[in-house]
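First comes the structure, then the notes that go with it.
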Amino acid sequence: MDNIQDRLWNTQARDLDRYIEEYLLPNTIFRTEIRCAIDIICSFLKERCFQDLGKSVRVTKVVKGGSSGKGTALRGCSDADLVVFLSNLKSFRDQIDHRNEFIEEIKKQLKTCQHEQGWKFKVKFEVNSRANPRVLSFTLKSTKISQWVDFDVLPAFDVLGQLTTDFRKPDPQIYINLIRESQTAGEFSTCFTELQKQFLSQRCPKLKSLIRLVKHWYKMCKEIMDSLPPQYALELLTVYAWEHGSQETRFITAQGFQTVLYLIQKYQELMIYWTINYDIDNEAITDYLCRQLRKHRPVILDPADPTGDVGGGSRWRWDKLAQEAQRWSSAPCFQNYDGTRVEPWRVPVEQTLEASKVLNLINKP
């Protein structure tokens, strides 16, 4: 194991909170610089990018997604996801048919802006060989920030419109249309970025710290194995563990971490979902959810997008991750002061509809 793994492995259970604070929480300077970089690109997208196209294209909003938007960023991970919602994308089909046009326009205007501002503003673009890419990836550097910041900018159909402050469930017809038009899992998840962000961003600080710790462990796993499930799956698994095992704003971090590792080892039994955004009184939506939940496990449904099964069944190498989780479950970081082993919370491996309804009430703003 390298030094990073050694450090976490050998941290005593009671010191995990200090470990997170010392090594994982972004510091003030880092947060300020990332925010500055995001402001530069958001201003560019809203005020400059589509001027040449006249009034036919309007940016309705730019939403900060990813770890930065959810409040779970790790120290040193200088990346930002921005979803730009455009007025003339009127349907999910429009998003597929026209996203490349807007990606090319954003790229062209960024190059022009860089040329005009000279030494104040630099951009490096990532090569994308896909015929119809869904994302524009680039790194940005300016005189206001000391490091390069990685960006993913994704054009999207504004299906949700202006969300109200009480975040009521979306109109069922939105999900009916989504189900009808989706051909691959999570194909239009960007359209629901605000709901994904809300699901995580309003969580208590300590749960966000636990998510950071799990992501940190996951990143170490990715360095030694491939074909792993997406990081988002582990974020949702962490929320699920806390909802069913604690629900307290103060809890033992080692116990929460151990619970996530326990659930990973039970991957072949996992069936996890939330109905906080889905109208389960609608027959078409309920029928679709039932079909999704009958898929090969693990099943972990995106709480914002029912087509997004981030568990993925046998698509990813959960077995590899489970082996590593089993190895870590006996690490010194899960030993109590008296030498006993930290036990996981008692959580079910299957979500129930009744539990989901209760959680809806708990999670309602």
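Simple scheme: letters A, B, ... for chains in structure tokens order, numbers from 1 for residues in each chain, numbers from 1 for ligands in the order shown.
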Go through stretch 84-311 of chain A and collect every residue that DSSP, computed from the backbone, puts in strand (DSSP E or B); the answer should be as an mmCIF file with N, CA and C atoms, in the first residue's frame.
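Listed below is the output, part_32.cif:
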data_model
loop_
_atom_site.group_PDB
_atom_site.id
_atom_site.type_symbol
_atom_site.label_atom_id
_atom_site.label_comp_id
_atom_site.auth_asym_id
_atom_site.auth_seq_id
_atom_site.Cartn_x
_atom_site.Cartn_y
_atom_site.Cartn_z
ATOM 1 N N VAL A 84 -25.602 23.540 -18.923
ATOM 2 C CA VAL A 84 -26.147 24.778 -19.479
ATOM 3 C C VAL A 84 -27.469 24.448 -20.178
ATOM 4 N N PHE A 85 -28.554 25.019 -19.661
ATOM 5 C CA PHE A 85 -29.888 24.768 -20.193
ATOM 6 C C PHE A 85 -30.208 25.829 -21.242
ATOM 7 N N LEU A 86 -30.639 25.366 -22.414
ATOM 8 C CA LEU A 86 -30.822 26.252 -23.562
ATOM 9 C C LEU A 86 -32.285 26.303 -23.986
ATOM 10 N N PHE A 121 -6.317 34.737 -19.652
ATOM 11 C CA PHE A 121 -7.311 33.677 -19.770
ATOM 12 C C PHE A 121 -6.776 32.594 -20.706
ATOM 13 N N LYS A 122 -6.629 31.356 -20.227
ATOM 14 C CA LYS A 122 -6.128 30.273 -21.064
ATOM 15 C C LYS A 122 -7.050 29.054 -20.952
ATOM 16 N N VAL A 123 -7.224 28.372 -22.087
ATOM 17 C CA VAL A 123 -8.075 27.176 -22.121
ATOM 18 C C VAL A 123 -7.365 26.091 -22.926
ATOM 19 N N LYS A 124 -7.419 24.857 -22.412
ATOM 20 C CA LYS A 124 -6.931 23.693 -23.148
ATOM 21 C C LYS A 124 -8.082 22.711 -23.295
ATOM 22 N N PHE A 125 -8.343 22.297 -24.528
ATOM 23 C CA PHE A 125 -9.479 21.418 -24.792
ATOM 24 C C PHE A 125 -9.050 19.956 -24.841
ATOM 25 N N LEU A 136 -18.468 18.947 -23.375
ATOM 26 C CA LEU A 136 -17.251 19.653 -23.781
ATOM 27 C C LEU A 136 -16.339 19.687 -22.562
ATOM 28 N N SER A 137 -15.167 19.067 -22.685
ATOM 29 C CA SER A 137 -14.219 19.001 -21.571
ATOM 30 C C SER A 137 -13.023 19.889 -21.869
ATOM 31 N N PHE A 138 -12.643 20.688 -20.890
ATOM 32 C CA PHE A 138 -11.480 21.563 -21.059
ATOM 33 C C PHE A 138 -10.922 21.936 -19.691
ATOM 34 N N THR A 139 -9.713 22.472 -19.686
ATOM 35 C CA THR A 139 -9.124 23.006 -18.461
ATOM 36 C C THR A 139 -8.938 24.502 -18.631
ATOM 37 N N LEU A 140 -9.103 25.231 -17.544
ATOM 38 C CA LEU A 140 -9.049 26.690 -17.581
ATOM 39 C C LEU A 140 -8.035 27.201 -16.574
ATOM 40 N N LYS A 141 -7.333 28.252 -16.970
ATOM 41 C CA LYS A 141 -6.406 28.943 -16.077
ATOM 42 C C LYS A 141 -6.568 30.437 -16.309
ATOM 43 N N SER A 142 -6.585 31.201 -15.236
ATOM 44 C CA SER A 142 -6.652 32.657 -15.367
ATOM 45 C C SER A 142 -5.735 33.289 -14.331
ATOM 46 N N VAL A 149 -8.122 24.360 -13.719
ATOM 47 C CA VAL A 149 -9.377 23.776 -13.251
ATOM 48 C C VAL A 149 -10.029 23.019 -14.405
ATOM 49 N N ASP A 150 -10.409 21.762 -14.160
ATOM 50 C CA ASP A 150 -11.043 20.931 -15.187
ATOM 51 C C ASP A 150 -12.544 21.201 -15.230
ATOM 52 N N PHE A 151 -13.055 21.385 -16.451
ATOM 53 C CA PHE A 151 -14.481 21.643 -16.635
ATOM 54 C C PHE A 151 -15.101 20.606 -17.562
ATOM 55 N N ASP A 152 -16.329 20.218 -17.245
ATOM 56 C CA ASP A 152 -17.211 19.496 -18.163
ATOM 57 C C ASP A 152 -18.450 20.370 -18.333
ATOM 58 N N VAL A 153 -18.720 20.812 -19.553
ATOM 59 C CA VAL A 153 -19.904 21.621 -19.835
ATOM 60 C C VAL A 153 -20.844 20.797 -20.700
ATOM 61 N N LEU A 154 -22.106 20.686 -20.239
ATOM 62 C CA LEU A 154 -23.064 19.810 -20.905
ATOM 63 C C LEU A 154 -24.320 20.591 -21.277
ATOM 64 N N PRO A 155 -24.637 20.733 -22.569
ATOM 65 C CA PRO A 155 -25.908 21.354 -22.973
ATOM 66 C C PRO A 155 -27.073 20.431 -22.637
ATOM 67 N N ALA A 156 -28.198 21.013 -22.194
ATOM 68 C CA ALA A 156 -29.326 20.170 -21.794
ATOM 69 C C ALA A 156 -30.665 20.852 -22.049
ATOM 70 N N PHE A 157 -31.679 20.025 -22.197
ATOM 71 C CA PHE A 157 -33.075 20.435 -22.334
ATOM 72 C C PHE A 157 -33.605 20.811 -20.958
ATOM 73 N N MET A 271 -31.131 -3.670 -3.677
ATOM 74 C CA MET A 271 -32.223 -3.074 -4.441
ATOM 75 C C MET A 271 -32.599 -1.776 -3.719
ATOM 76 N N ILE A 272 -32.089 -0.671 -4.233
ATOM 77 C CA ILE A 272 -32.192 0.612 -3.532
ATOM 78 C C ILE A 272 -32.808 1.648 -4.460
ATOM 79 N N VAL A 299 -29.293 -3.177 -7.995
ATOM 80 C CA VAL A 299 -30.100 -2.107 -8.569
ATOM 81 C C VAL A 299 -30.031 -0.915 -7.614
ATOM 82 N N ILE A 300 -29.537 0.204 -8.107
ATOM 83 C CA ILE A 300 -29.518 1.455 -7.338
ATOM 84 C C ILE A 300 -30.029 2.544 -8.270
ATOM 85 N N LEU A 301 -31.264 2.972 -8.064
ATOM 86 C CA LEU A 301 -31.876 3.933 -8.975
ATOM 87 C C LEU A 301 -31.556 5.361 -8.558
ATOM 88 N N ASP A 309 -30.072 3.490 -13.596
ATOM 89 C CA ASP A 309 -29.718 2.446 -12.637
ATOM 90 C C ASP A 309 -28.200 2.443 -12.505
#
Any idea what's packed within 10 Å of A:Leu200, counting only C-alpha atoms, ignoring anything in its chain fewer than 3 positions away? Could you give it as a PyMOL selection string?
chain A and resi 67+69-72+195-197+203-204+207-208+211+235-236+239
List as a list in words the protein and nucleic acid residues near A:Pro170, meaning an atom at most 12 Å away when only C-alpha atoms are counted, but skip any in the same chain fewer than 2 places from it.
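Counting only C-alpha atoms, the residues come to Val159, Leu160, Gly161, Gln162, Leu163, Thr164, Asp166, Phe167, Arg168, Pro172, Gln173, Ile174, Tyr175, Ile176, Leu178, Phe192, Glu194, Leu195, Thr275, Ile276, Asn277, Tyr278, Asp279, Ile280, Ala304 and Asp305 of chain A.
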Let me see the file: selected residues, N, CA and C atoms, as a compact mmCIF listing (two decimals), in the first residue's frame.
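As written to disk, again-v6.txt reads:
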# COMPACT_ATOMS: atom_id res chain seq x y z
N VAL A 159 -36.11 20.64 -18.95
CA VAL A 159 -37.40 19.95 -18.78
C VAL A 159 -38.09 20.35 -17.48
N LEU A 160 -37.32 20.72 -16.46
CA LEU A 160 -37.91 21.05 -15.16
C LEU A 160 -38.36 22.50 -15.05
N GLY A 161 -37.82 23.37 -15.90
CA GLY A 161 -38.17 24.80 -15.81
C GLY A 161 -37.67 25.41 -14.52
N GLN A 162 -38.33 26.43 -14.07
CA GLN A 162 -37.94 27.09 -12.83
C GLN A 162 -38.57 26.35 -11.65
N LEU A 163 -37.74 25.65 -10.90
CA LEU A 163 -38.24 24.90 -9.76
C LEU A 163 -38.70 25.84 -8.65
N THR A 164 -39.78 25.46 -7.99
CA THR A 164 -40.26 26.26 -6.86
C THR A 164 -39.43 25.95 -5.62
N ASP A 166 -40.30 24.99 -2.77
CA ASP A 166 -40.72 23.83 -1.98
C ASP A 166 -40.38 22.51 -2.68
N PHE A 167 -39.79 22.60 -3.88
CA PHE A 167 -39.33 21.42 -4.61
C PHE A 167 -40.40 20.31 -4.64
N ARG A 168 -41.57 20.66 -5.14
CA ARG A 168 -42.60 19.64 -5.30
C ARG A 168 -42.18 18.63 -6.36
N PRO A 172 -45.80 14.38 -13.44
CA PRO A 172 -45.60 12.98 -13.87
C PRO A 172 -45.35 12.85 -15.37
N GLN A 173 -45.93 13.77 -16.16
CA GLN A 173 -45.76 13.67 -17.61
C GLN A 173 -44.29 13.81 -18.01
N ILE A 174 -43.51 14.53 -17.21
CA ILE A 174 -42.08 14.66 -17.49
C ILE A 174 -41.42 13.29 -17.47
N TYR A 175 -41.73 12.50 -16.46
CA TYR A 175 -41.12 11.18 -16.36
C TYR A 175 -41.72 10.20 -17.36
N ILE A 176 -42.98 10.37 -17.68
CA ILE A 176 -43.59 9.52 -18.71
C ILE A 176 -42.89 9.75 -20.06
N LEU A 178 -39.86 10.95 -20.43
CA LEU A 178 -38.48 10.46 -20.27
C LEU A 178 -38.42 8.95 -20.51
N PHE A 192 -31.85 16.50 -15.11
CA PHE A 192 -32.35 16.42 -13.74
C PHE A 192 -31.26 16.76 -12.72
N GLU A 194 -30.54 19.47 -11.18
CA GLU A 194 -30.99 20.22 -9.99
C GLU A 194 -31.56 19.30 -8.91
N LEU A 195 -32.27 18.26 -9.34
CA LEU A 195 -32.84 17.33 -8.37
C LEU A 195 -31.76 16.45 -7.75
N THR A 275 -38.50 7.41 -3.82
CA THR A 275 -39.66 7.90 -4.58
C THR A 275 -39.92 9.37 -4.28
N ILE A 276 -38.90 10.06 -3.79
CA ILE A 276 -39.07 11.46 -3.40
C ILE A 276 -39.45 12.34 -4.58
N ASN A 277 -39.05 11.95 -5.80
CA ASN A 277 -39.38 12.73 -7.00
C ASN A 277 -40.36 12.04 -7.93
N TYR A 278 -40.64 10.76 -7.69
CA TYR A 278 -41.50 10.00 -8.59
C TYR A 278 -42.92 9.93 -8.04
N ASP A 279 -43.89 10.12 -8.90
CA ASP A 279 -45.30 10.01 -8.51
C ASP A 279 -45.71 8.54 -8.65
N ILE A 280 -45.65 7.82 -7.53
CA ILE A 280 -45.93 6.38 -7.59
C ILE A 280 -47.43 6.10 -7.66
N ALA A 304 -33.37 11.07 -8.93
CA ALA A 304 -33.86 12.12 -9.81
C ALA A 304 -34.28 11.59 -11.17
N ASP A 305 -33.76 10.42 -11.56
CA ASP A 305 -33.98 9.89 -12.90
C ASP A 305 -34.18 8.38 -12.83
Would you pick out the contacts of stretch 92-97 of chain A at 9 Å or less, using only C-alpha atoms, so that residues sharing its chain but fewer than 2 positions from it are not included, and give the list as a compact mmCIF listing (two decimals) with C-alpha atoms, in the first residue's frame?
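Result file result.txt:
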# COMPACT_ATOMS: atom_id res chain seq x y z
CA ASN A 88 -34.31 26.23 -28.04
CA LEU A 89 -33.86 22.66 -26.86
CA LYS A 90 -37.55 21.80 -26.61
CA ARG A 99 -26.08 19.20 -28.49
CA ASN A 100 -23.02 18.87 -30.74
CA GLU A 101 -23.87 22.19 -32.45
CA ASN A 132 -22.06 13.24 -31.16
CA ARG A 134 -22.55 14.95 -24.86
CA PRO A 155 -25.91 21.35 -22.97
CA ALA A 156 -29.33 20.17 -21.79
CA PHE A 157 -33.07 20.43 -22.33
CA VAL A 159 -37.40 19.95 -18.78
CA ASN A 177 -41.93 11.34 -21.63
CA LEU A 178 -38.48 10.46 -20.27
CA GLU A 181 -37.75 8.50 -25.13
CA SER A 182 -34.85 6.96 -23.19
CA PHE A 188 -30.85 12.39 -20.02
CA CYS A 191 -31.76 17.36 -17.39
Of the candidates A:Thr259, A:Gln147, A:Thr253, A:Gln109, which shows the shortest atom-to-atom distance to A:Ala241, using only C-alpha atoms?
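Smallest distance to A:Ala241 is found for A:Thr259.
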Using only C-alpha atoms, which residues sit within 10 Å of stretch 30-34 of chain A once same-chain residues fewer than 2 positions away are excluded, as a PyMOL selection string?
chain A and resi 25-28+36-40+68+73+75-80+144-150
Preceding selection exported with C-alpha atoms as a short mmCIF file (atom, residue, chain, number, x, y, z; two decimals), in the first residue's frame:
data_model
loop_
_atom_site.label_atom_id
_atom_site.label_comp_id
_atom_site.auth_asym_id
_atom_site.auth_seq_id
_atom_site.Cartn_x
_atom_site.Cartn_y
_atom_site.Cartn_z
CA LEU A 25 -11.99 18.88 3.30
CA PRO A 26 -11.21 21.62 0.74
CA ASN A 27 -9.49 24.61 2.32
CA THR A 28 -10.74 28.17 1.97
CA CYS A 36 -13.85 32.05 -9.14
CA ALA A 37 -13.19 29.71 -12.08
CA ILE A 38 -16.84 28.62 -12.15
CA ASP A 39 -17.97 32.27 -12.09
CA ILE A 40 -15.76 33.01 -15.11
CA SER A 68 -18.75 21.11 -6.28
CA ALA A 73 -15.79 18.00 -3.20
CA ARG A 75 -9.40 18.63 -1.46
CA GLY A 76 -7.24 18.86 -4.55
CA CYS A 77 -9.96 17.71 -6.97
CA SER A 78 -10.17 20.82 -9.11
CA ASP A 79 -13.05 19.85 -11.38
CA ALA A 80 -16.44 21.37 -12.08
CA LYS A 144 -7.24 34.99 -10.66
CA ILE A 145 -6.50 31.33 -9.90
CA SER A 146 -3.22 29.55 -9.18
CA GLN A 147 -4.06 26.19 -10.79
CA TRP A 148 -5.72 24.67 -13.82
CA VAL A 149 -9.38 23.78 -13.25
CA ASP A 150 -11.04 20.93 -15.19
#
A:Cys49, A:Val127, A:Leu8, A:Leu270 ranked by distance to A:Lys108, top pick (using only C-alpha atoms):
A:Cys49
